[in-house]
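Q: Take this structure first; my questions come after.
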Amino acid sequence: MALLGNTAFGEIGHPESMEVWRQMVAVDGGVVMRDGDADDVVGQSIFLDLQLTVPGGAVLPTAGLSYVAVAPTHRRRGILRSMYTELHQRIADAKYPIAALTASEGGIYGRFGYGPATTVQEMSIDRRFAEFRAGVPDPGGVRLVKPAEHRDAFAEIYDRWRRQTPGGLVCPTPLWDDVLADRENTREGGSELFAFLHPDGYVLYRVHGEESRSLRVREVTAVTTDAYIALWRALLGMDLMEKVITWTHPDDVLPYLLTNPRLVRVTSSSDDLWVRIMDIPAALEARRYQADLDTVLDVADGFRGDGGRFALRIQGGRAQCTRTDAPADVELDLDVLGSLYLGSHRPEAFVAANRLRSKDPELVRRLGTAFASDVPAELGYGF
Ligand SMILES: CC(C)(COP(=O)(O)OP(=O)(O)OC[C@H]1O[C@@H](n2cnc3c(N)ncnc32)[C@H](O)[C@@H]1OP(=O)(O)O)[C@@H](O)C(=O)NCCC(=O)NCCS
């Protein structure tokens, strides 16, 4: 498998990292295809056993599809489709309510019932001119620390963060050790890892470049607004850096904190986590909602036929969802429901594309209000 994986992704994973990820593979979570006299592996796919936070803080067992590759000599003859058919049967048999993945290309996974459910943005800040507005607090409490000496503190803060953030994932300790091993092949030309630590947040970053130096944040994780502001004050206080570059979600508040919000530029925006709902009643009943609603959804799943018509009754933030024969108020494909699930996309956008159909615009508006999340969704880590 390693040879095909290395070829498809154009990089060779470190054996110790590969072992960490191997331990996260679910039981019976691998399917390979072989061909030829030498029985070469020409297709491979796995799913990891993950735990995903959904709006309101419930944590759902999630099958995380990963390491999917088909040999360039065997493309476009249905190998991915047949591996996915088998994998999703195993995922359904193991009763995972959710399957999820991050996609190398945007055009492949909608047909399998996956919709983009979180958005990741790259944000670049011209640090030299950045100043905090007069009223923004200066909470302090940030220490400069050696990353490898503070694994447990990072892990404890991350764990608090992922419990309150839709898209957050449980991070096993070996994965922390793998990050903090700080191997040369993970540095992408940058320095070794540096860290800031606050009681409720931390930053891991590298420095890139020689003449014009920039600071690339690997991770800024804050559980409170004070921690967030304190860490950004430390980052923007790095006098010798021209730019600070980080990954974030579309509702990041940093521009609001600065006297000149234009110094914060969004330099890229892309889908991050893709969600396929495997068990519609279980998934819809697990999350919390922002408004009452009483409606019938007709969900189409062209891949596995896991859709159908569902009565969705939301009261006081909690939902009851059952199969019904009543006429539908809203029709949509399963990938669209996946996109709405973590609250990052509005139903109105899918109406415009005729991917969510309803005769009642007021109902569509209420659906959007109900499914919104008060905490912006963000993927815990790539897998
Ligand atoms: C992406 C990849 C796995 C596809 O494998 P494959 O065996 O050629 O795919 P299949 O022949 O089974 O195609 C399945 C369906 O996806 C479609 N499809 C495949 N690759 C596609 C692409 N790059 N863009 C859009 N559609 C694509 C096919 O048209 C087919 O559609 P249909 O079944 O609805 O008619 C393979 O090209 C690959 O290994 N790429 C490099 C590694 C990679 O990107 N892995 C994915 C990581 S998320």
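Naming works like this for the structure tokens: A, B, ... for the chains as they're shown, residue 1 at the start of each chain, ligands 1 onward in shown order.
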Which residues of chain A sit at most 7 Å from ligand 1, using only C-alpha atoms and all ligand atoms? Give each one's shortest atom pair and distance in Å (one decimal place), in chain and ascending residue order, as a tab-separated table.

A:
residue	atom	partner	partner_atom_place_in_ligand_line	distance
A:Ala8	CA	ligand 1	42 (C)	4.8
A:Phe9	CA	ligand 1	42 (C)	5.9
A:Ser66	CA	ligand 1	48 (S)	6.5
A:Tyr67	CA	ligand 1	47 (C)	6.2
A:Val68	CA	ligand 1	45 (N)	4.8
A:Ala69	CA	ligand 1	39 (O)	3.3
A:Val70	CA	ligand 1	39 (O)	3.7
A:Ala71	CA	ligand 1	39 (O)	6.1
A:His74	CA	ligand 1	7 (O)	6.8
A:Arg75	CA	ligand 1	8 (O)	3.6
A:Arg76	CA	ligand 1	11 (O)	3.2
A:Arg77	CA	ligand 1	11 (O)	4.2
A:Gly78	CA	ligand 1	12 (O)	3.2
A:Ile79	CA	ligand 1	7 (O)	3.9
A:Leu80	CA	ligand 1	12 (O)	3.4
A:Arg81	CA	ligand 1	12 (O)	3.9
A:Ser82	CA	ligand 1	12 (O)	6.5
A:Thr102	CA	ligand 1	48 (S)	5.9
A:Ala103	CA	ligand 1	48 (S)	4.0
A:Ser104	CA	ligand 1	48 (S)	4.4
A:Glu105	CA	ligand 1	23 (N)	6.4
A:Gly107	CA	ligand 1	25 (C)	4.5
A:Ile108	CA	ligand 1	26 (N)	4.3
A:Arg111	CA	ligand 1	34 (O)	6.2

Q: Keeping only N, CA, C and O atoms, write the selected residues to a file as a compact mmCIF listing (two decimals), in the first residue's frame.

A:
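Written output follows (result_21.txt):
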# COMPACT_ATOMS: atom_id res chain seq x y z
N ALA A 8 0.80 8.14 -5.51
CA ALA A 8 -0.39 8.97 -5.76
C ALA A 8 -0.22 10.36 -5.17
O ALA A 8 -0.60 11.35 -5.78
N PHE A 9 0.32 10.45 -3.95
CA PHE A 9 0.39 11.75 -3.28
C PHE A 9 1.74 12.44 -3.49
O PHE A 9 1.94 13.57 -3.05
N SER A 66 -9.73 7.97 4.10
CA SER A 66 -8.41 8.57 3.90
C SER A 66 -7.56 7.65 3.03
O SER A 66 -7.94 6.50 2.75
N TYR A 67 -6.40 8.19 2.64
CA TYR A 67 -5.36 7.40 1.95
C TYR A 67 -5.94 6.65 0.75
O TYR A 67 -5.60 5.50 0.48
N VAL A 68 -6.86 7.33 0.04
CA VAL A 68 -7.53 6.72 -1.11
C VAL A 68 -6.69 6.97 -2.35
O VAL A 68 -6.33 8.11 -2.64
N ALA A 69 -6.35 5.94 -3.07
CA ALA A 69 -5.56 6.13 -4.30
C ALA A 69 -5.81 4.98 -5.26
O ALA A 69 -6.03 3.84 -4.86
N VAL A 70 -5.78 5.33 -6.54
CA VAL A 70 -5.87 4.34 -7.62
C VAL A 70 -4.64 4.54 -8.50
O VAL A 70 -4.26 5.69 -8.79
N ALA A 71 -4.00 3.46 -8.91
CA ALA A 71 -2.77 3.57 -9.71
C ALA A 71 -3.05 4.33 -11.00
O ALA A 71 -4.10 4.16 -11.61
N HIS A 74 -4.46 2.49 -13.82
CA HIS A 74 -5.77 1.83 -13.69
C HIS A 74 -6.91 2.82 -13.45
O HIS A 74 -7.96 2.45 -12.94
N ARG A 75 -6.68 4.10 -13.87
CA ARG A 75 -7.67 5.13 -13.64
C ARG A 75 -8.94 4.92 -14.44
O ARG A 75 -8.90 4.36 -15.53
N ARG A 76 -10.03 5.48 -13.91
CA ARG A 76 -11.31 5.65 -14.61
C ARG A 76 -11.85 4.34 -15.17
O ARG A 76 -12.33 4.28 -16.28
N ARG A 77 -11.70 3.28 -14.40
CA ARG A 77 -12.41 2.06 -14.76
C ARG A 77 -13.19 1.52 -13.57
O ARG A 77 -13.41 0.32 -13.44
N GLY A 78 -13.56 2.44 -12.66
CA GLY A 78 -14.50 2.06 -11.60
C GLY A 78 -13.88 1.50 -10.34
O GLY A 78 -14.59 0.98 -9.48
N ILE A 79 -12.53 1.60 -10.18
CA ILE A 79 -11.92 1.03 -8.98
C ILE A 79 -12.31 1.82 -7.73
O ILE A 79 -12.68 1.24 -6.71
N LEU A 80 -12.26 3.16 -7.81
CA LEU A 80 -12.69 3.96 -6.66
C LEU A 80 -14.13 3.62 -6.30
O LEU A 80 -14.46 3.38 -5.14
N ARG A 81 -15.00 3.58 -7.31
CA ARG A 81 -16.41 3.32 -7.03
C ARG A 81 -16.59 1.96 -6.35
O ARG A 81 -17.32 1.84 -5.37
N SER A 82 -15.90 0.93 -6.82
CA SER A 82 -16.13 -0.37 -6.18
C SER A 82 -15.51 -0.42 -4.78
O SER A 82 -16.09 -1.01 -3.87
N THR A 102 -11.48 14.59 3.69
CA THR A 102 -11.02 15.83 3.06
C THR A 102 -10.64 15.44 1.64
O THR A 102 -10.08 14.37 1.41
N ALA A 103 -10.98 16.31 0.69
CA ALA A 103 -10.93 15.93 -0.71
C ALA A 103 -9.73 16.53 -1.43
O ALA A 103 -9.44 17.72 -1.26
N SER A 104 -9.05 15.72 -2.25
CA SER A 104 -7.95 16.26 -3.05
C SER A 104 -8.49 17.10 -4.20
O SER A 104 -7.84 18.02 -4.67
N GLU A 105 -9.70 16.75 -4.68
CA GLU A 105 -10.34 17.50 -5.76
C GLU A 105 -11.82 17.67 -5.40
O GLU A 105 -12.42 16.79 -4.78
N GLY A 107 -14.50 17.80 -7.38
CA GLY A 107 -15.53 17.28 -8.28
C GLY A 107 -15.85 15.80 -8.12
O GLY A 107 -16.64 15.25 -8.89
N ILE A 108 -15.26 15.14 -7.14
CA ILE A 108 -15.38 13.68 -7.10
C ILE A 108 -16.48 13.20 -6.13
O ILE A 108 -17.23 12.28 -6.45
N ARG A 111 -21.08 12.85 -5.73
CA ARG A 111 -21.83 11.70 -6.24
C ARG A 111 -21.92 10.58 -5.19
O ARG A 111 -22.78 9.72 -5.29

Q: Glu11 of chain A: which residues within 12 Å, counting only C-alpha atoms, same-chain residues fewer than 5 positions away excluded, as a ChimeraX atom specification?

A: /A:2-6,185-186

Q: Write out as JSON lines the residues of segment 269-307 of chain A that have any atom within 12 Å of an atom of segment 153-171 of chain A, one row each with the nearest atom pair and its distance in Å to one decimal, counting only C-alpha atoms, sorted by chain and then rising number.

A:
{"residue": "A:Asp272", "atom": "CA", "partner": "A:Gly167", "partner_atom": "CA", "distance": 9.9}
{"residue": "A:Leu273", "atom": "CA", "partner": "A:Gly167", "partner_atom": "CA", "distance": 7.7}
{"residue": "A:Trp274", "atom": "CA", "partner": "A:Gly167", "partner_atom": "CA", "distance": 10.1}
{"residue": "A:Val275", "atom": "CA", "partner": "A:Gly167", "partner_atom": "CA", "distance": 9.9}
{"residue": "A:Arg287", "atom": "CA", "partner": "A:Pro166", "partner_atom": "CA", "distance": 9.5}
{"residue": "A:Arg288", "atom": "CA", "partner": "A:Pro166", "partner_atom": "CA", "distance": 10.8}

Q: Using only C-alpha atoms, find each residue of segment 342-382 of chain A with at least one atom at most 9 Å away from an atom of segment 234-255 of chain A; report its shortest atom-to-atom pair and that distance in Å (one decimal), sort the rows by chain and rising residue number, and return the result as a Markdown table.

A:
| residue | atom | partner | partner_atom | distance |
| --- | --- | --- | --- | --- |
| A:Pro376 | CA | A:Asp251 | CA | 6.7 |
| A:Ala377 | CA | A:His249 | CA | 7.5 |
| A:Glu378 | CA | A:His249 | CA | 6.3 |

Q: Save out the residues we just selected, N, CA, C and O atoms, as a short mmCIF file (atom, residue, chain, number, x, y, z; two decimals), in the first residue's frame.

A:
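Result written to selection_5.cif:
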data_model
loop_
_atom_site.label_atom_id
_atom_site.label_comp_id
_atom_site.auth_asym_id
_atom_site.auth_seq_id
_atom_site.Cartn_x
_atom_site.Cartn_y
_atom_site.Cartn_z
N PRO A 376 -18.58 28.82 15.10
CA PRO A 376 -18.23 28.49 13.70
C PRO A 376 -17.57 27.12 13.60
O PRO A 376 -16.71 26.77 14.42
N ALA A 377 -17.99 26.34 12.61
CA ALA A 377 -17.42 25.00 12.44
C ALA A 377 -16.00 25.09 11.89
O ALA A 377 -15.69 25.95 11.06
N GLU A 378 -15.17 24.21 12.37
CA GLU A 378 -13.75 24.20 11.96
C GLU A 378 -13.24 22.77 12.11
O GLU A 378 -13.47 22.15 13.17
#

Q: Work out how far apart atom CA of Trp21 of chain A and atom CA of Thr173 of chain A are and give it in Å to one decimal.

A: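 Separating atom CA of Trp21 of chain A from atom CA of Thr173 of chain A is a distance of 11.6 Å.
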